[in-house]
Amino acid sequence: MHPTSSPPGTLQLHSAARPAHLRIAGDWTLAHYNALRDAVVRMRPQLDEHSTVELDGLGALDTAGAGLLVELLGPQRIAAVAQWAPQLPAERLALLHTVAAALDRPAAPQPDQGYEFGDLLAHIGRTMQNIWCQQRELLGFIGLTLQTLLSVLVRPQRWRPTPLVAHIEQTGLDAIPIVALLTFLVGAVVAFLGATVLADFGASIYTVTLVGFAFLREFGVLLAAILLAGRSASAFAAQIGSMKANEEIDAIRALGLSPVELLVLPRVLAMLITLPILTFIGMLSGILGGAVVCVLALDISPTLFITILQRDIDLSHFLVGIGKAPVFAFIIAVIGCLEGFKVSGSAQSVGEHTTSSVVQSIFMVILIDAIAALFFMEMGW
Amino acid sequence: MNGEALIQVRGLVNRFGRQTVHEDLDLDIRRGEILGVVGGSGTGKSVLLRSIVGLRRPNAGSVQVFGENLLQLPPERRSQVERRFGVLFQRGALFTSLNLQENVALPLIEHAGLARVDAEHLARLKLALAGLPADAACKYPDELSGGMVKRAALARALALDPEVLFLDEPTAGLDPIGAAAFDQLILTLRDALGLSVFLVTHDLDTLYTICDRVAVLARKRVLVADRLEAVQDTDDAWIRDYFHGPRGRAAQQAALVQENS
């Protein structure tokens, strides 16, 4: 059935004869598709319904070749192939019939793929509209989550400790090493920066205050939140997104359960619990990183370091820092879950929304942090 | 249809942890035949298919394909052999980020070296051949019904005009008319292209209308692989229940009526 030795397909037109005579020979297969298609395109205008066709020399034929023959001769003619080429074997006639029948219908219009200046404007407009819709959806989803949370809080029989603990482990416990390491390194870097700049004023000793201020107020919570945005918001979006693509979310709804209660609440609550703890760990670890630099590079003894920290830095700085953690936790978890719910069926969509969840949650964390910094400054806290 | 054996499976063993799915399984697929593979759920029909096409390395045994042991070939040679296979997966497995004509055009561009325009043109032919309307070519898989996904997946399996077609439950999820048309399509393509078809199915109508031979998988091996009449008469409880249950009888009668008309 698959002879490979016969020559590539050919197409010879004897236009001298009246009517024109077309001789088709050789292998009409996928391997020779490029050459044959060129020949077919060239030859087609020269044929009319009176020209005779000879198929005797035809070698191997596959669907690609049959498709070309149909294009060359037209579906009607191929459909009647049994009349003008009865010598062809039955299976070949069947193939030609099948392909002719498949192609004998109106071609679909090709989508217009040109780009114009107007498209650019339209794209900008659409993007702006999307951003607006996104923020509105986010507010709506926050409302839905809070509503569900309140209705569950008053009914202890609907609390779900098992998934909550599992998510605390995944988002919190497993993130401790990376949060601790990262804040430790940034603490060391801040201390080095402070030492370099403050040395010019003869105030190296204030490096301690700098590190303390920076980590208690900003860096501890910000670094932990950004890490969790990258680590957990993406995980939430991918988990819920795959479930959505697999119709699992629909199944939850069809079973009369609430996806928000089942999937979103454990994740949000887990984040609300873990981010403050991670923030605390981040603060300690960052200050430790600064302390190591102070001890090794600035000859400030550990005792002196702790004394300065105790004397100069108020408890309020710690409260300002840790107070932001639950807000960040909530927004990160909600964005991650919401992006998961927005996934449509395709694998690409899962990827897009996972990316979007990370970008959005980091953006929101930094935005809220900036607004909070302004607020705390005005309040003099 | 007593052609030579294209694919020979010998002494195949497949285990998942402690659970043995196949134990010393033998099976031949002959040139130009449509081999139906049936068996209860969990008897490893899909695992067998995956072992043959090289997606799963069996724990023991050999799979000879076109006279070569697929498992021992170097990667390039193996890729060449695998191009002679067309596989239709149970759930279609279309690439969701590509539209239908791009899905079918992908192997044509990668393996047959066609230009994109030509490949997509040919892809539309294959889609039409699989019975999809012309306007479906630019749709994405998540916009389609299950039956259309199956057809598009068949079009992709047929893209390179393979010699052996592996179909994993092709008619599951199709309406009866669509399923019958699908059966006829496979039959026509087999006759026209000399395909050999390895067909995992639960559809008794498919078994009665198009299969040349039927292999029954049970108790970790191929219980019997023969013409349908011979398989039906095998003295085994499961086979009796399968073929002589209410659905089996109905399909048998439907096939008889069709033959006589």
# chains A, B, ... in the order shown; residues from 1 in each chain; ligands from 1
call {"tool": "interface_residues", "arguments": {"of": "chain B", "to": "chain A", "cutoff": "7 Å", "atoms": "only C-alpha atoms", "output": "PyMOL selection string"}}
result
chain B and resi 96-97+112+114+122+125+128-129+131+134-135+142+161+188-189+191-194
call {"tool": "write_last_selection", "arguments": {"atoms": "C-alpha atoms", "output": "compact mmCIF listing (two decimals), in the first residue's frame"}}
result
# COMPACT_ATOMS: atom_id res chain seq x y z
CA THR B 96 -5.73 24.56 23.64
CA SER B 97 -3.56 27.52 22.71
CA ALA B 112 6.59 17.27 6.38
CA LEU B 114 5.45 22.42 4.47
CA LEU B 122 -4.01 20.92 3.91
CA LEU B 125 -8.81 19.47 4.05
CA ALA B 128 -13.26 18.60 6.35
CA LEU B 129 -12.36 14.95 5.91
CA GLY B 131 -16.45 15.86 9.05
CA ALA B 134 -15.47 24.84 7.21
CA ASP B 135 -15.99 27.61 9.76
CA ASP B 142 -12.52 25.26 24.21
CA ASP B 161 -1.17 9.96 6.66
CA THR B 188 -13.30 4.44 4.27
CA LEU B 189 -9.92 5.73 5.33
CA ASP B 191 -9.82 1.02 2.70
CA ALA B 192 -8.41 4.01 0.88
CA LEU B 193 -5.13 4.39 2.72
CA GLY B 194 -4.50 0.83 3.80
call {"tool": "select_by_dssp", "arguments": {"residues": "segment 87-243 of chain B", "states": "alpha helix (DSSP H)", "output": "NGL selection string"}}
result
:B and (100-111 or 116-129 or 146-157 or 176-193 or 204-210 or 228-232 or 237-243)
call {"tool": "write_last_selection", "arguments": {"atoms": "C-alpha atoms", "output": "PDB file, in the first residue's frame"}}
result
ATOM      1  CA  LEU B 100      -8.013  23.754  14.957  1.00  0.00           C
ATOM      2  CA  GLN B 101      -6.202  24.335  11.698  1.00  0.00           C
ATOM      3  CA  GLU B 102      -3.010  25.209  13.582  1.00  0.00           C
ATOM      4  CA  ASN B 103      -3.414  22.049  15.625  1.00  0.00           C
ATOM      5  CA  VAL B 104      -3.523  19.922  12.483  1.00  0.00           C
ATOM      6  CA  ALA B 105      -0.910  21.988  10.667  1.00  0.00           C
ATOM      7  CA  LEU B 106       1.663  21.590  13.439  1.00  0.00           C
ATOM      8  CA  PRO B 107       2.909  18.090  12.483  1.00  0.00           C
ATOM      9  CA  LEU B 108       2.755  19.057   8.804  1.00  0.00           C
ATOM     10  CA  ILE B 109       5.031  22.040   9.382  1.00  0.00           C
ATOM     11  CA  GLU B 110       7.354  20.210  11.763  1.00  0.00           C
ATOM     12  CA  HIS B 111       7.676  16.872   9.996  1.00  0.00           C
ATOM     13  CA  ARG B 116       2.621  27.530   6.926  1.00  0.00           C
ATOM     14  CA  VAL B 117       0.102  28.528   4.248  1.00  0.00           C
ATOM     15  CA  ASP B 118       0.240  25.123   2.548  1.00  0.00           C
ATOM     16  CA  ALA B 119       0.101  23.305   5.854  1.00  0.00           C
ATOM     17  CA  GLU B 120      -2.994  25.212   6.966  1.00  0.00           C
ATOM     18  CA  HIS B 121      -4.604  24.652   3.587  1.00  0.00           C
ATOM     19  CA  LEU B 122      -4.013  20.923   3.913  1.00  0.00           C
ATOM     20  CA  ALA B 123      -5.131  21.063   7.526  1.00  0.00           C
ATOM     21  CA  ARG B 124      -8.496  22.437   6.405  1.00  0.00           C
ATOM     22  CA  LEU B 125      -8.813  19.472   4.047  1.00  0.00           C
ATOM     23  CA  LYS B 126      -8.128  17.049   6.899  1.00  0.00           C
ATOM     24  CA  LEU B 127     -10.654  18.828   9.097  1.00  0.00           C
ATOM     25  CA  ALA B 128     -13.256  18.601   6.345  1.00  0.00           C
ATOM     26  CA  LEU B 129     -12.365  14.947   5.907  1.00  0.00           C
ATOM     27  CA  GLY B 146     -16.966  17.059  22.707  1.00  0.00           C
ATOM     28  CA  GLY B 147     -17.841  15.431  19.402  1.00  0.00           C
ATOM     29  CA  MET B 148     -16.169  18.162  17.384  1.00  0.00           C
ATOM     30  CA  VAL B 149     -13.050  17.898  19.535  1.00  0.00           C
ATOM     31  CA  LYS B 150     -12.930  14.174  18.721  1.00  0.00           C
ATOM     32  CA  ARG B 151     -13.184  14.884  15.017  1.00  0.00           C
ATOM     33  CA  ALA B 152     -10.506  17.548  15.153  1.00  0.00           C
ATOM     34  CA  ALA B 153      -8.262  15.162  17.077  1.00  0.00           C
ATOM     35  CA  LEU B 154      -8.827  12.541  14.377  1.00  0.00           C
ATOM     36  CA  ALA B 155      -7.864  15.112  11.753  1.00  0.00           C
ATOM     37  CA  ARG B 156      -4.626  15.749  13.641  1.00  0.00           C
ATOM     38  CA  ALA B 157      -3.959  12.022  13.993  1.00  0.00           C
ATOM     39  CA  PRO B 176     -25.406   7.967  17.458  1.00  0.00           C
ATOM     40  CA  ILE B 177     -25.521   9.559  14.007  1.00  0.00           C
ATOM     41  CA  GLY B 178     -22.123  11.124  14.492  1.00  0.00           C
ATOM     42  CA  ALA B 179     -20.736   7.856  15.849  1.00  0.00           C
ATOM     43  CA  ALA B 180     -22.016   5.891  12.848  1.00  0.00           C
ATOM     44  CA  ALA B 181     -20.544   8.472  10.474  1.00  0.00           C
ATOM     45  CA  PHE B 182     -17.269   8.286  12.398  1.00  0.00           C
ATOM     46  CA  ASP B 183     -17.242   4.497  12.002  1.00  0.00           C
ATOM     47  CA  GLN B 184     -17.842   4.824   8.270  1.00  0.00           C
ATOM     48  CA  LEU B 185     -15.095   7.429   8.027  1.00  0.00           C
ATOM     49  CA  ILE B 186     -12.605   5.094   9.671  1.00  0.00           C
ATOM     50  CA  LEU B 187     -13.680   2.289   7.385  1.00  0.00           C
ATOM     51  CA  THR B 188     -13.304   4.444   4.267  1.00  0.00           C
ATOM     52  CA  LEU B 189      -9.922   5.733   5.328  1.00  0.00           C
ATOM     53  CA  ARG B 190      -8.749   2.238   6.143  1.00  0.00           C
ATOM     54  CA  ASP B 191      -9.821   1.017   2.696  1.00  0.00           C
ATOM     55  CA  ALA B 192      -8.409   4.008   0.877  1.00  0.00           C
ATOM     56  CA  LEU B 193      -5.128   4.394   2.718  1.00  0.00           C
ATOM     57  CA  LEU B 204     -20.647  -2.395  20.564  1.00  0.00           C
ATOM     58  CA  ASP B 205     -21.999  -0.927  17.334  1.00  0.00           C
ATOM     59  CA  THR B 206     -18.475  -0.007  16.326  1.00  0.00           C
ATOM     60  CA  LEU B 207     -17.312  -3.524  17.109  1.00  0.00           C
ATOM     61  CA  TYR B 208     -20.023  -5.096  14.979  1.00  0.00           C
ATOM     62  CA  THR B 209     -19.829  -2.713  12.040  1.00  0.00           C
ATOM     63  CA  ILE B 210     -16.153  -2.085  11.411  1.00  0.00           C
ATOM     64  CA  LEU B 228     -15.996 -11.402  16.236  1.00  0.00           C
ATOM     65  CA  GLU B 229     -17.991 -14.620  15.678  1.00  0.00           C
ATOM     66  CA  ALA B 230     -15.255 -16.681  17.273  1.00  0.00           C
ATOM     67  CA  VAL B 231     -14.832 -14.266  20.186  1.00  0.00           C
ATOM     68  CA  GLN B 232     -18.563 -14.277  20.921  1.00  0.00           C
ATOM     69  CA  ALA B 237     -18.304 -15.478  31.820  1.00  0.00           C
ATOM     70  CA  TRP B 238     -17.223 -11.904  31.117  1.00  0.00           C
ATOM     71  CA  ILE B 239     -17.321 -12.358  27.345  1.00  0.00           C
ATOM     72  CA  ARG B 240     -20.784 -13.917  27.572  1.00  0.00           C
ATOM     73  CA  ASP B 241     -22.047 -11.011  29.645  1.00  0.00           C
ATOM     74  CA  TYR B 242     -20.439  -8.518  27.305  1.00  0.00           C
ATOM     75  CA  PHE B 243     -21.645  -9.829  23.971  1.00  0.00           C
TER      76      PHE B 243
END
call {"tool": "closest_residue", "arguments": {"among": "B:Glu169, B:Ala130, B:Gly67, B:Ala225", "to": "Phe89 of chain B", "atoms": "only C-alpha atoms"}}
result
B:Glu169
call {"tool": "atom_distance", "arguments": {"atom1": "atom CA of Ile308 of chain A", "atom2": "atom CA of Met377 of chain A"}}
result
23.0 Å
call {"tool": "closest_residue", "arguments": {"among": "B:Ala250, B:Ser46, B:Pro133, B:Pro162", "to": "Gln90 of chain B", "atoms": "only C-alpha atoms"}}
result
B:Ser46
call {"tool": "closest_atom_pairs", "arguments": {"of": "segment 114-194 of chain B", "to": "segment 7-15 of chain B", "cutoff": "12 Å", "atoms": "only C-alpha atoms", "output": "CSV"}}
result
residue,atom,partner,partner_atom,distance
B:Glu163,CA,B:Ile7,CA,11.3
B:Val164,CA,B:Ile7,CA,9.3
B:Leu165,CA,B:Ile7,CA,11.9
B:Phe166,CA,B:Ile7,CA,11.9
call {"tool": "residues_around", "arguments": {"residues": "Phe318 of chain A", "least_positions_apart": "4", "cutoff": "8 Å", "atoms": "only C-alpha atoms", "output": "compact mmCIF listing (two decimals) with N, CA and C atoms, in the first residue's frame"}}
result
# COMPACT_ATOMS: atom_id res chain seq x y z
N LEU A 216 11.37 47.09 60.80
CA LEU A 216 10.14 47.07 61.57
C LEU A 216 9.00 47.75 60.81
N ARG A 217 9.30 48.87 60.17
CA ARG A 217 8.22 49.62 59.52
C ARG A 217 7.88 49.08 58.13
N ASP A 314 10.84 52.73 69.09
CA ASP A 314 9.57 52.63 69.79
C ASP A 314 8.81 51.37 69.37
N ILE A 322 3.60 45.47 61.40
CA ILE A 322 2.83 44.22 61.45
C ILE A 322 1.36 44.48 61.17
call {"tool": "residues_around", "arguments": {"residues": "Thr20 of chain B", "least_positions_apart": "6", "cutoff": "12 Å", "atoms": "only C-alpha atoms", "output": "list in words"}}
result
Leu12, Val13, Asn14, Gly42, Thr43, Gly44, Val47, Pro58, Asn59, Ala60, Arg219, Lys220 and Arg221 of chain B
call {"tool": "atom_distance", "arguments": {"atom1": "atom CA of Thr171 of chain B", "atom2": "atom CA of Ala255 of chain B"}}
result
16.6 Å
call {"tool": "atom_distance", "arguments": {"atom1": "atom CA of Ala218 of chain B", "atom2": "atom CA of Leu167 of chain B"}}
result
19.4 Å
call {"tool": "residues_around", "arguments": {"residues": "Val224 of chain B", "least_positions_apart": "5", "cutoff": "8 Å", "atoms": "only C-alpha atoms", "output": "ChimeraX atom specification"}}
result
/B:214-217,231,234
call {"tool": "closest_residue", "arguments": {"among": "B:Leu223, B:Leu174, B:Leu27, B:Ala137", "to": "Ala5 of chain B", "atoms": "only C-alpha atoms"}}
result
B:Leu27
call {"tool": "closest_residue", "arguments": {"among": "A:Phe375, A:Ala270, A:Ser51, A:Cys294", "to": "Ala329 of chain A", "atoms": "only C-alpha atoms"}}
result
A:Ala270
call {"tool": "residues_around", "arguments": {"residues": "Asp168 of chain B", "least_positions_apart": "3", "cutoff": "10 Å", "atoms": "only C-alpha atoms", "output": "list in words"}}
result
Val37, Lys45, Ser46, Leu49, Arg50, Val87, Leu88, Phe89, Gln90, Arg91, Gly92, Leu165, Thr171, Ala172, Phe198, Leu199, Val200, Thr201 and His202 of chain B
